[in-house]
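Reading through the structure tokens given below for one structure.
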Amino acid sequence: MTKIVVAVKYVPDATADRTFTSDNTVDREGVDGLLSELDEYAVEQALQVVEAGEGEVTVVTVGPDDAADAVRKALQMGADAGVHVVDDSIAGSDAFATSLVLAKAIEKLEYDLVFFGMASTDAGMGVVPTLVAARLGLPAVTFASEVTVDGDTVKIRRDGDAATQEIEATGKVVVSVTDQTGEARYPSFKGIMAAKKKPIDEWSLADLGVEASEVGQDNAWTAVESYEPRPPRTAGEIVTDEGDGGTKLVEFLASKKFV
């Protein structure tokens, strides 16, 4: 039986007006949050693997109280159980601290494979899967456009701009998938109702053996010094073509240093 852990993130809705708080961290309370769209593809791929054989999927997230909603969405899609690591000391953690907490949580679980989305839709870094793999001492096969699992062998196809790579790994592996792996399923009514009975364990840093001094904003390697709202879009310039439209277009592009 294949046991898969999927790491997911609760992120601010990308369609909302996102901003920062007074301490220059992302405002996660002033806007609605949801399961990161890119993580939905990871949940989908994990579900397809276990549906092709026999197994179970456990979803792990790190975040504030509302982050449990991300786990619930994955359970509604079909995951079997969830883990929510929540602790006030985690607030403001960077990718390095987050990877530490995730790795410690995954170590407490039984797993054969670990799935991630290629990046989160808020930070968009894409380094956490590799950092977690390094902490777990596992190989990482990342940015998969296609995933095939055969026994203890994982094969992925990675599509780049100029070439396609096929990568194979055996044993316990960390996999990150792109949005090219196929559409993620929508939760059915049956899935939504069934998710209410599925367990979500809540763990603190103490449960993982992680010290508060190892995480949080004060321990972050980077910090936002300042920010300002994106300026509103201005009206475009309308050029009437009186036979010289092409010339005016080139002049405009040249003024913007596009040509």
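Starting from 1 in every chain, residues are counted up; chains themselves are A, B, ... following the order of the structure tokens, and ligands are numbered from 1 as listed.
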
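With only C-alpha atoms taken into account, the protein and nucleic acid residues at most 7 Å from Asp179 of chain A (excluding it and anything under 3 positions from it in its own chain) are A:Leu38, A:Tyr41, A:Gly182.
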
Contact check, segment 139-247 of chain A to segment 113-131 of chain A, at most 10 Å, counting only C-alpha atoms, closest pairs as a Markdown table:
```
| residue | atom | partner | partner_atom | distance |
| --- | --- | --- | --- | --- |
| A:Pro139 | CA | A:Thr130 | CA | 8.4 |
| A:Ala140 | CA | A:Thr130 | CA | 6.0 |
| A:Val141 | CA | A:Thr130 | CA | 8.5 |
| A:Thr142 | CA | A:Met118 | CA | 7.2 |
| A:Phe143 | CA | A:Met118 | CA | 5.7 |
| A:Ala144 | CA | A:Met118 | CA | 8.2 |
| A:Val149 | CA | A:Leu113 | CA | 9.8 |
| A:Asp152 | CA | A:Leu113 | CA | 9.2 |
| A:Val154 | CA | A:Leu113 | CA | 9.1 |
| A:Gly171 | CA | A:Leu113 | CA | 8.3 |
| A:Lys172 | CA | A:Leu113 | CA | 5.5 |
| A:Val173 | CA | A:Leu113 | CA | 5.3 |
| A:Val174 | CA | A:Val114 | CA | 4.7 |
| A:Val175 | CA | A:Phe115 | CA | 4.9 |
| A:Ser176 | CA | A:Phe116 | CA | 4.5 |
| A:Val177 | CA | A:Gly117 | CA | 5.2 |
| A:Thr178 | CA | A:Met118 | CA | 5.3 |
| A:Asp179 | CA | A:Met118 | CA | 8.0 |
```

Could you go through segment 57-136 of chain A and tell me which residues DSSP, when run on the backbone, assigns to alpha helix (DSSP H), listing them as an MDAnalysis selection string? chainID A and resid 68:77 95:107 128:136

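Across the model, the gap from atom CA of Ala184 of chain A to atom CA of Pro199 of chain A is 22.2 Å.
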
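Closest approach to Val31 of chain A from the set A:Val86, A:Val59, A:Val11, A:Ala162 is made by A:Val11, with distances taken over only C-alpha atoms.
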
Considering only C-alpha atoms, return as a count of residues only whatever protein or nucleic-acid residues lie within 12 Å of Ala91 of chain A, sequence-local ones (same chain, fewer than 5 positions apart) excluded. 24

Report the closest atom pair, with its distance in Å rounded to one decimal, for each residue of segment 85-136 of chain A that has an atom no farther than 12 Å from segment 222-235 of chain A; count only C-alpha atoms, sort by chain and then rising residue number, and write it as a Markdown table.
```
| residue | atom | partner | partner_atom | distance |
| --- | --- | --- | --- | --- |
| A:Gly92 | CA | A:Ala223 | CA | 9.3 |
| A:Ser93 | CA | A:Thr222 | CA | 9.7 |
| A:Asp94 | CA | A:Thr222 | CA | 7.4 |
| A:Ala95 | CA | A:Thr222 | CA | 9.6 |
| A:Phe96 | CA | A:Thr222 | CA | 10.3 |
| A:Ala97 | CA | A:Thr222 | CA | 11.5 |
```

Any idea what's packed within 12 Å of Phe189 of chain A, counting only C-alpha atoms, ignoring anything in its chain fewer than 3 positions away? Could you give it as a PDB file with all heavy atoms, in the first residue's frame?
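Contents of out-v2.pdb, freshly written:
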```pdb
ATOM      1  N   GLN A  76     -11.971  16.994   1.042  1.00  0.00           N
ATOM      2  CA  GLN A  76     -13.165  16.959   0.200  1.00  0.00           C
ATOM      3  C   GLN A  76     -12.850  16.406  -1.189  1.00  0.00           C
ATOM      4  O   GLN A  76     -13.683  15.746  -1.814  1.00  0.00           O
ATOM      5  CB  GLN A  76     -13.761  18.360   0.086  1.00  0.00           C
ATOM      6  CG  GLN A  76     -14.352  18.894   1.377  1.00  0.00           C
ATOM      7  CD  GLN A  76     -14.693  20.361   1.313  1.00  0.00           C
ATOM      8  OE1 GLN A  76     -14.489  21.029   0.284  1.00  0.00           O
ATOM      9  NE2 GLN A  76     -15.218  20.907   2.404  1.00  0.00           N
ATOM     10  N   MET A  77     -11.640  16.653  -1.664  1.00  0.00           N
ATOM     11  CA  MET A  77     -11.223  16.116  -2.956  1.00  0.00           C
ATOM     12  C   MET A  77     -11.017  14.610  -2.898  1.00  0.00           C
ATOM     13  O   MET A  77     -11.099  13.928  -3.923  1.00  0.00           O
ATOM     14  CB  MET A  77      -9.933  16.799  -3.414  1.00  0.00           C
ATOM     15  CG  MET A  77     -10.080  18.260  -3.777  1.00  0.00           C
ATOM     16  SD  MET A  77      -8.484  19.057  -4.115  1.00  0.00           S
ATOM     17  CE  MET A  77      -7.959  18.175  -5.604  1.00  0.00           C
ATOM     18  N   GLY A  78     -10.714  14.083  -1.685  1.00  0.00           N
ATOM     19  CA  GLY A  78     -10.546  12.641  -1.564  1.00  0.00           C
ATOM     20  C   GLY A  78      -9.418  12.182  -0.672  1.00  0.00           C
ATOM     21  O   GLY A  78      -9.247  10.974  -0.471  1.00  0.00           O
ATOM     22  N   TYR A 186     -12.984  18.626  -8.827  1.00  0.00           N
ATOM     23  CA  TYR A 186     -13.791  19.428  -7.912  1.00  0.00           C
ATOM     24  C   TYR A 186     -14.389  18.504  -6.849  1.00  0.00           C
ATOM     25  O   TYR A 186     -14.772  17.370  -7.148  1.00  0.00           O
ATOM     26  CB  TYR A 186     -14.925  20.127  -8.666  1.00  0.00           C
ATOM     27  CG  TYR A 186     -14.481  21.240  -9.558  1.00  0.00           C
ATOM     28  CD1 TYR A 186     -14.369  21.047 -10.933  1.00  0.00           C
ATOM     29  CD2 TYR A 186     -14.171  22.489  -9.049  1.00  0.00           C
ATOM     30  CE1 TYR A 186     -13.948  22.071 -11.772  1.00  0.00           C
ATOM     31  CE2 TYR A 186     -13.762  23.527  -9.871  1.00  0.00           C
ATOM     32  CZ  TYR A 186     -13.661  23.313 -11.235  1.00  0.00           C
ATOM     33  OH  TYR A 186     -13.243  24.322 -12.065  1.00  0.00           O
ATOM     34  N   ILE A 192     -17.652  16.109  -0.011  1.00  0.00           N
ATOM     35  CA  ILE A 192     -17.777  17.171   0.996  1.00  0.00           C
ATOM     36  C   ILE A 192     -18.358  16.608   2.290  1.00  0.00           C
ATOM     37  O   ILE A 192     -17.881  16.921   3.393  1.00  0.00           O
ATOM     38  CB  ILE A 192     -18.660  18.313   0.458  1.00  0.00           C
ATOM     39  CG1 ILE A 192     -17.944  19.020  -0.702  1.00  0.00           C
ATOM     40  CG2 ILE A 192     -18.991  19.312   1.563  1.00  0.00           C
ATOM     41  CD1 ILE A 192     -18.793  20.037  -1.413  1.00  0.00           C
ATOM     42  N   MET A 193     -19.349  15.759   2.163  1.00  0.00           N
ATOM     43  CA  MET A 193     -19.966  15.172   3.353  1.00  0.00           C
ATOM     44  C   MET A 193     -19.012  14.189   4.031  1.00  0.00           C
ATOM     45  O   MET A 193     -18.902  14.154   5.261  1.00  0.00           O
ATOM     46  CB  MET A 193     -21.272  14.474   2.968  1.00  0.00           C
ATOM     47  CG  MET A 193     -22.333  15.409   2.409  1.00  0.00           C
ATOM     48  SD  MET A 193     -22.716  16.808   3.500  1.00  0.00           S
ATOM     49  CE  MET A 193     -23.446  15.931   4.893  1.00  0.00           C
ATOM     50  N   ALA A 194     -18.309  13.391   3.225  1.00  0.00           N
ATOM     51  CA  ALA A 194     -17.388  12.403   3.791  1.00  0.00           C
ATOM     52  C   ALA A 194     -16.231  13.074   4.522  1.00  0.00           C
ATOM     53  O   ALA A 194     -15.712  12.549   5.521  1.00  0.00           O
ATOM     54  CB  ALA A 194     -16.857  11.498   2.681  1.00  0.00           C
ATOM     55  N   ALA A 195     -15.809  14.256   4.034  1.00  0.00           N
ATOM     56  CA  ALA A 195     -14.672  14.958   4.635  1.00  0.00           C
ATOM     57  C   ALA A 195     -14.945  15.361   6.072  1.00  0.00           C
ATOM     58  O   ALA A 195     -14.011  15.504   6.874  1.00  0.00           O
ATOM     59  CB  ALA A 195     -14.325  16.187   3.806  1.00  0.00           C
ATOM     60  N   LYS A 196     -16.218  15.537   6.436  1.00  0.00           N
ATOM     61  CA  LYS A 196     -16.569  15.948   7.795  1.00  0.00           C
ATOM     62  C   LYS A 196     -16.202  14.886   8.823  1.00  0.00           C
ATOM     63  O   LYS A 196     -16.049  15.192  10.008  1.00  0.00           O
ATOM     64  CB  LYS A 196     -18.062  16.268   7.866  1.00  0.00           C
ATOM     65  CG  LYS A 196     -18.480  17.457   7.009  1.00  0.00           C
ATOM     66  CD  LYS A 196     -19.966  17.732   7.134  1.00  0.00           C
ATOM     67  CE  LYS A 196     -20.370  18.942   6.289  1.00  0.00           C
ATOM     68  NZ  LYS A 196     -21.819  19.234   6.404  1.00  0.00           N
TER      69      LYS A 196
END
```

Shell of 8 Å around Ile167 of chain A, only C-alpha atoms, local chain residues under 5 positions omitted, as a PyMOL selection string: chain A and resi 141+155-158

Go ahead and write the residues just picked, C-alpha atoms, as a CSV table (one decimal), in the first residue's frame.
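As a result, selection_19.csv now contains:
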```csv
chain,number,residue,atom,x,y,z
A,141,VAL,CA,12.3,15.2,-8.6
A,155,LYS,CA,9.2,8.6,-13.2
A,156,ILE,CA,8.5,12.1,-14.1
A,157,ARG,CA,8.6,14.2,-17.3
A,158,ARG,CA,9.8,17.7,-17.0
```

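Of the residues listed (A:Ala105, A:Ala254, A:Ile90, A:Leu34), A:Ala105 shows the shortest atom-to-atom separation from Thr58 of chain A; distances use only C-alpha atoms.
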
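Relative to atom CA of Ile200 of chain A, atom CA of Lys104 of chain A is found at 17.0 Å.
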